[in-house]
There are 2 protein chains.
Amino acid sequence: MAEADGAAEKVTTEMAAASLADPALEQSHGRIFIKTILNGAEEFVGRRVVVGGWVKTGREQGKGAFAFLELNDGSCLANLQVIVDAGVCSLAQLTPTGTSVLIEGELKKPPEGVKQSVELRVEKVLEVGPVDSAKYPLPKTRLTLEFLRDFVHFRARTNTISAVARIRNELAYATHTFFRENGFRYVHTPIITTSDCEGAGEMFQVTTLFSEAEKIEKELNQNPPPQESDIEAAKLIVKEKGESVSHLKSLKASKDKIVGAVSELTKAKESLAKLEERFNMKGGIPHKEGKIDYAHDFFGRQAFLTVSGQLQVETYACALGNVYTFGPTFRAEHSHTSRHLAEFWMVEPEIAFANLEDDMNYAESYVKFLCKWLLDHCLEDMEFMVKNVDKTAIERLKLVSLMPFERISYTKAVQLLENVTDKEFENKVEWGVDLASEHERYLTEVIFQKPVIVYNYPKSIKAFYMRQNDDGKTVAAMDVLVPKVGELIGGSQREERLDVLKQRILEMGLPLEPYEWYLDLRRFGTVKHCGFGLGFERMVLFATGLDNIRDVIPFPRYPGRADL
Amino acid sequence: MAEADGAAEKVTTEMAAASLADPALEQSHGRIFIKTILNGAEEFVGRRVVVGGWVKTGREQGKGAFAFLELNDGSCLANLQVIVDAGVCSLAQLTPTGTSVLIEGELKKPPEGVKQSVELRVEKVLEVGPVDSAKYPLPKTRLTLEFLRDFVHFRARTNTISAVARIRNELAYATHTFFRENGFRYVHTPIITTSDCEGAGEMFQVTTLFSEAEKIEKELNQNPPPQESDIEAAKLIVKEKGESVSHLKSLKASKDKIVGAVSELTKAKESLAKLEERFNMKGGIPHKEGKIDYAHDFFGRQAFLTVSGQLQVETYACALGNVYTFGPTFRAEHSHTSRHLAEFWMVEPEIAFANLEDDMNYAESYVKFLCKWLLDHCLEDMEFMVKNVDKTAIERLKLVSLMPFERISYTKAVQLLENVTDKEFENKVEWGVDLASEHERYLTEVIFQKPVIVYNYPKSIKAFYMRQNDDGKTVAAMDVLVPKVGELIGGSQREERLDVLKQRILEMGLPLEPYEWYLDLRRFGTVKHCGFGLGFERMVLFATGLDNIRDVIPFPRYPGRADL
């Protein structure tokens with residue numbers, strides 16, 4: 001114990017030296033981010049620093065007299081050039097790609113003509129995490145994104161995936177900042193839900209029935225259930241003990257004797273009850289009248305993973321005014337496309353005392369804010385995308401952040417598409433059909449060459465909660481279409497009139513009962529309100545220009561795959 | 001169609017008038033938040049504004065000549081005092097608690113001696129969402145938090161729950177801001193996982209097997225499966241068609257005839273295959289060798305809801321350095337306590353090139369930042385908590401934000417607790433046992449009267465991934481204990497040594513195979529790293545002083561309950 005405490009005291013003493021005035025500068029050994037060094041190169045020349053990171057490329061030079069390392073610590077895309085003399089450390093250990101090092105040295109101005117603004121001359125190698133090149137799954141050669149999907153635990157070490165991670169991070173912070181600046185509150189809507197939003201979309205079920213069944217089966221195997229004869233025997237004992245009590249009572253026996261007999265009877269009854277419980281215990285999924293009996297499930301009923309937080313967040317909009325949710329959502333669809341995930345993140349604002357026009361204004365304002373934010377905070381990673389993925393990526397952000405979005409009615413959009421002569425669509429366009437991705441992209445990429453908001457869709461193709469327009473045919477819905485991905489946002493003004501909403505639910509063939517709480521919002525203090533949803537991964541695709549949604553989320557889930 | 005478009009054009013025209021230069025001021029009709037008015041009361045006197053909100057209390061006065069309304073829009077705790085003359089609107093419609101109104105009028109300085117700094121004289125009632133008081137589930141009387149749990153769709157309209165929502169919102173934004181300022185990147189770890197972190201904790205299973213089984217049963221009911229005789233008949237046809245092909249070939253028949261016969265054979269084979277598929281189709285959950293066959297489940301294997309994003313976020317820490325995850329986590333435990341939820345949110349930072357000391361520094365710094373943030377950004381709601389929930393709530397925030405946390409080893413903590421004479425603990429304390437909540441609270445509330453970090457726990461009571469100390473008995477783990485809730489944060493330095501980690505996994509009786517990807521992080525470029533987890537709801541309990549965790553999350557999930 002004295003020893004254990006000794007180790008502890010050391011920590012406490014060392015700790016006293018640490019200060020978190022600028023924690024980024026004060027991590028153990030005073031490690032400093034490479035980004036900080038490269039951003040302030042001039043002022044760092046001549047300073048001693050500690051840097052940690054992973055070797056991107058390493059090569060020995062001068063016949064093994066020294067080695068150059070390109071070191072990356074994830075704080076930015078750029079690497080720090082590092083020079084190690086053979087006298088400092090065994091160079092062969094440092095050069096393999098993927099090796100981690102924590103090193104100390106002096107930052108120097110490199111010789112004229114070198115592109116780096118600063119380089120690190122290593123004086124001490126504090127720690128090394130070696131790599132056996134022959135076994136490392138990520139060789140130095142250029143790897144396809146598809147190949148990397150089989151190594152989700154390593155792929156963040158590549159330029160593309162780490163740039164995506166930084167862009168994603170900026171988009172998340174920009175989201176919270178935009179809504180905060182506009183008076184919105186972040187609300188955590190439930191992930192496990194007993195409401196099926198829209199009655200649409202395949203849902204994942206959440207259950208403990210399998211594990212409960214397994215537990216019971218295990219228990220029954222270890223401890224076989226009683227036989228019918230055991231039950232009969234126990235019943236006999238209860239009967240005897242009962243008769244014994246009656247007998248003593250009829251004899252007017254002493255109180256002690258009667259109490260004793262009653263106590264024996266109670267024990268016999270308890271033991272019978274236990275036997276009967278175990279006798280009736282069955283392995284497998286519990287059924288009742290031929291159907292699975294969800295009364296035995298964790299929540300006492302069927303529960304699912306949410307497909308949208310909208311309906312729930314409306315309860316908060318009808319109390320706090322401007323709110324939003326930002327969380328994971330799920331679809332159990334067997335789609336193997338480059339645009340679908342089983343688990344993805346959605347941003348869903350909901351606004352009270354607001355109509356479709358407000359909805360469009362907020363949606364446009366939000367998307368512009370995101371684009372401008374990336375240009376202001378993530379330019380290096382965006383430049384990488386332009387060089388390696390999509391040369392129009394930055395142009396697209398600028399276009400969207402500056403140009404007012406076009407706004408056209410669905411009716412107008414259909415007219416425009418019907419008149420297209422230079423392209424044959426796979427899906428026919430006519431008033432009443434939902435626009436396909438090819439139509440959406442044609443509108444935004446070819447006809448308007450900028451973002452387009454299409455509004456007032458036919459009610460027959462939209463959800464029950466969208467507000468019916470006075471024409472009786474359309475609802476106050478809107479979609480924001482952008483070049484590269486098509487639909488980025490879908491939203492609507494919500495039906496705030498109790499009678500109209502009820503009628504729409506029934507028209508869609510849905511039962512009223514599960515929506516009573518939702519109808520309550522219209523029964524008591526109803527307000528006009530609206531909202532929209534932005535698929536967060538769609539936004540990352542739009543920003544980066546990447547093609548496959550599996551590459552813009554850290555751990556993609558799709559049919560047959562849920563690694564880690 | 002022209003009509004539909006007409007409605008649309010109107011929207012476009014109206015829209016042109018809207019500007020989002022300050023969107024908070026420019027929502028439809030230029031609605032302004034009550035918070036904005038009350039914060040700048042002086043400058044608003046004399047201005048015409050539009051305000052929307054829900055009536056907290058309303059009363060007619062002056063024999064029905066006018067009405068006073070206390071109006072709340074959720075932007076802040078305080079209500080705006082509103083005066084409506086009988087000439088403007090039917091007063092009886094406005095006064096019931098819960099009524100929503102969108103109103104326009106002039107802000108005036110109230111008569112001397114009135115506590116409000118400004119009041120609204122209504123000139124126009126733009127919209128009303130009425131309430132039938134007799135039916136409204138939230139009467140004006142004071143309601144218990146327990147009662148409100150049966151009305152999660154309305155409870156955000158109460159002072160306590162809306163204050164909690166604002167505090168929660170601030171804590172979330174403070175979290176993102178703290179980590180951003182310290183060079184961390186937000187990483188979305190998966191919600192659906194095939195890894196069981198720690199092998200501990202009951203997990204919810206995610207499945208589509210039930211819905212698939214239902215679909216098949218429905219299909220089989222509508223369209224009964226073929227009989228064995230149908231299969232035999234189809235087989236016979238295949239045989240005949242095959243013989244016919246052979247026969248034609250042996251006769252050296254024309255190419256056309258042979259092609260025709262082969263085509264008939266192919267059709268017969270296809271039709272047999274279809275029949276066999278439907279013949280083998282079975283309702284119910286698919287089994288193989290007596291066990292459920294998860295190869296048929298959505299991900300081709302068992303999948304669960306995450307209990308922690310730590311293991312996965314480590315993959316990003318070992319690439320980007322400083323990262324964190326903030327998302328929902330799940331425990332399928334049948335606990336009905338005031339401290340447990342089946343669905344809750346966790347903040348989990350993970351830091352590369354860092355040790356236990358760094359971990360404690362970051363944890364302390366983060367908690368201090370949160371407390372200070374609430375004092376700076378949420379004082380009105382905190383004052384409400386002091387008045388109505390816990391009179392020490394603000395004191396506690398100040399204490400924690402200012403005082404350095406005590407740091408003691410587990411060994412020292414046990415010694416201190418063993419020497420306690422003024423209290424009888426329910427659970428015995430001795431070196432080697434896990435500290436119970438009563439011990440943790442005694443340390444922080446009685447002995448030190450400030451937050452305490454306990455570090456270096458016995459390895460036998462901690463998870464396999466925690467770094468073993470040189471004493472061989474303890475691991476580099478730490479818990480942050482705070483008054484009111486006890487354990488707020490748990491963290492550790494992670495075992496970065498491949499051989500030690502493997503040995504620990506095996507010692508715990510866990511299989512190596514599912515952790516191969518985790519071991520890979522140590523095989524290739526391993527780094528010292530550490531991290532911790534903060535239960536977000538625990539933090540809200542700590543800040544507000546509320547007693548029940550079901551009141552600090554918008555939609556609580558616990559055994560038997562998952563409303564909405």
# chains A, B, ... in the order shown; residues from 1 in each chain; ligands from 1

$ interface_residues --of "chain A" --to "chain B" --cutoff "6 Å" --atoms "only C-alpha atoms" --output "ChimeraX atom specification"
/A:4,8,24,28,73-74,98-100,129-131,153,156-157,169,182,185-186,190,194-195,204-208,298-300,315,319-320,354,409,471,524-526,555,559-561,564

$ select_by_dssp --residues "stretch 449-505 of chain A" --states "alpha helix (DSSP H)" --output "PyMOL selection string"
chain A and resi 498-505

$ write_last_selection --atoms "N, CA, C and O atoms" --output "mmCIF file, in the first residue's frame"
data_model
loop_
_atom_site.group_PDB
_atom_site.id
_atom_site.type_symbol
_atom_site.label_atom_id
_atom_site.label_comp_id
_atom_site.auth_asym_id
_atom_site.auth_seq_id
_atom_site.Cartn_x
_atom_site.Cartn_y
_atom_site.Cartn_z
ATOM 1 N N LEU A 498 -56.100 22.028 -35.327
ATOM 2 C CA LEU A 498 -56.436 20.701 -34.797
ATOM 3 C C LEU A 498 -57.282 19.877 -35.760
ATOM 4 O O LEU A 498 -56.958 18.723 -36.058
ATOM 5 N N ASP A 499 -58.371 20.481 -36.267
ATOM 6 C CA ASP A 499 -59.292 19.703 -37.114
ATOM 7 C C ASP A 499 -58.636 19.277 -38.422
ATOM 8 O O ASP A 499 -58.791 18.129 -38.872
ATOM 9 N N VAL A 500 -57.872 20.180 -39.040
ATOM 10 C CA VAL A 500 -57.216 19.833 -40.301
ATOM 11 C C VAL A 500 -56.191 18.723 -40.071
ATOM 12 O O VAL A 500 -56.098 17.765 -40.847
ATOM 13 N N LEU A 501 -55.446 18.832 -38.975
ATOM 14 C CA LEU A 501 -54.409 17.839 -38.679
ATOM 15 C C LEU A 501 -55.011 16.452 -38.465
ATOM 16 O O LEU A 501 -54.534 15.455 -39.019
ATOM 17 N N LYS A 502 -56.079 16.414 -37.674
ATOM 18 C CA LYS A 502 -56.767 15.145 -37.420
ATOM 19 C C LYS A 502 -57.191 14.502 -38.732
ATOM 20 O O LYS A 502 -56.997 13.310 -38.971
ATOM 21 N N GLN A 503 -57.810 15.331 -39.579
ATOM 22 C CA GLN A 503 -58.311 14.836 -40.854
ATOM 23 C C GLN A 503 -57.179 14.272 -41.710
ATOM 24 O O GLN A 503 -57.316 13.222 -42.333
ATOM 25 N N ARG A 504 -56.034 14.965 -41.710
ATOM 26 C CA ARG A 504 -54.890 14.510 -42.506
ATOM 27 C C ARG A 504 -54.358 13.172 -42.003
ATOM 28 O O ARG A 504 -54.002 12.295 -42.796
ATOM 29 N N ILE A 505 -54.310 13.011 -40.673
ATOM 30 C CA ILE A 505 -53.835 11.740 -40.107
ATOM 31 C C ILE A 505 -54.738 10.602 -40.576
ATOM 32 O O ILE A 505 -54.270 9.560 -41.030
#

$ select_by_dssp --residues "stretch 20-87 of chain B" --states "strand (DSSP E or B)" --output "ChimeraX atom specification"
/B:27,31,48-61,66-72,80-85

$ write_last_selection --atoms "C-alpha atoms" --output "CSV table (one decimal), in the first residue's frame"
chain,number,residue,atom,x,y,z
B,27,GLN,CA,-38.9,36.5,-37.7
B,31,ARG,CA,-41.4,39.0,-33.6
B,48,ARG,CA,-43.7,49.2,-31.2
B,49,VAL,CA,-43.0,45.5,-31.1
B,50,VAL,CA,-44.5,42.1,-32.0
B,51,VAL,CA,-44.2,39.5,-29.3
B,52,GLY,CA,-45.4,35.9,-29.2
B,53,GLY,CA,-45.7,33.6,-26.2
B,54,TRP,CA,-47.8,31.6,-23.9
B,55,VAL,CA,-49.9,33.1,-21.1
B,56,LYS,CA,-48.6,32.2,-17.6
B,57,THR,CA,-51.3,33.9,-15.8
B,58,GLY,CA,-54.1,36.2,-17.0
B,59,ARG,CA,-56.7,38.2,-15.1
B,60,GLU,CA,-59.4,40.6,-16.1
B,61,GLN,CA,-59.5,43.9,-14.1
B,66,PHE,CA,-58.8,45.4,-19.5
B,67,ALA,CA,-56.7,42.4,-18.7
B,68,PHE,CA,-53.2,41.8,-17.4
B,69,LEU,CA,-51.3,38.9,-18.9
B,70,GLU,CA,-47.9,37.5,-17.8
B,71,LEU,CA,-46.5,36.3,-21.0
B,72,ASN,CA,-43.5,33.9,-21.4
B,80,LEU,CA,-43.4,40.2,-19.9
B,81,GLN,CA,-46.3,42.1,-18.4
B,82,VAL,CA,-49.0,42.7,-21.0
B,83,ILE,CA,-52.1,44.9,-20.8
B,84,VAL,CA,-55.0,44.4,-23.2
B,85,ASP,CA,-58.0,46.7,-23.4

$ closest_residue --among "B:Met281, B:Leu248, B:Val480, B:Leu379" --to "B:Glu219" --atoms "only C-alpha atoms"
B:Met281

$ residues_around --residues "A:Val452" --least-positions-apart "3" --cutoff "10 Å" --atoms "only C-alpha atoms" --output "PyMOL selection string"
chain A and resi 364+404-408+413+440-441+443-445+447-449+455+479-483+486-487

$ closest_residue --among "A:Lys255, A:Lys459, A:Arg331, A:His529" --to "A:Glu507" --atoms "only C-alpha atoms"
A:Lys459
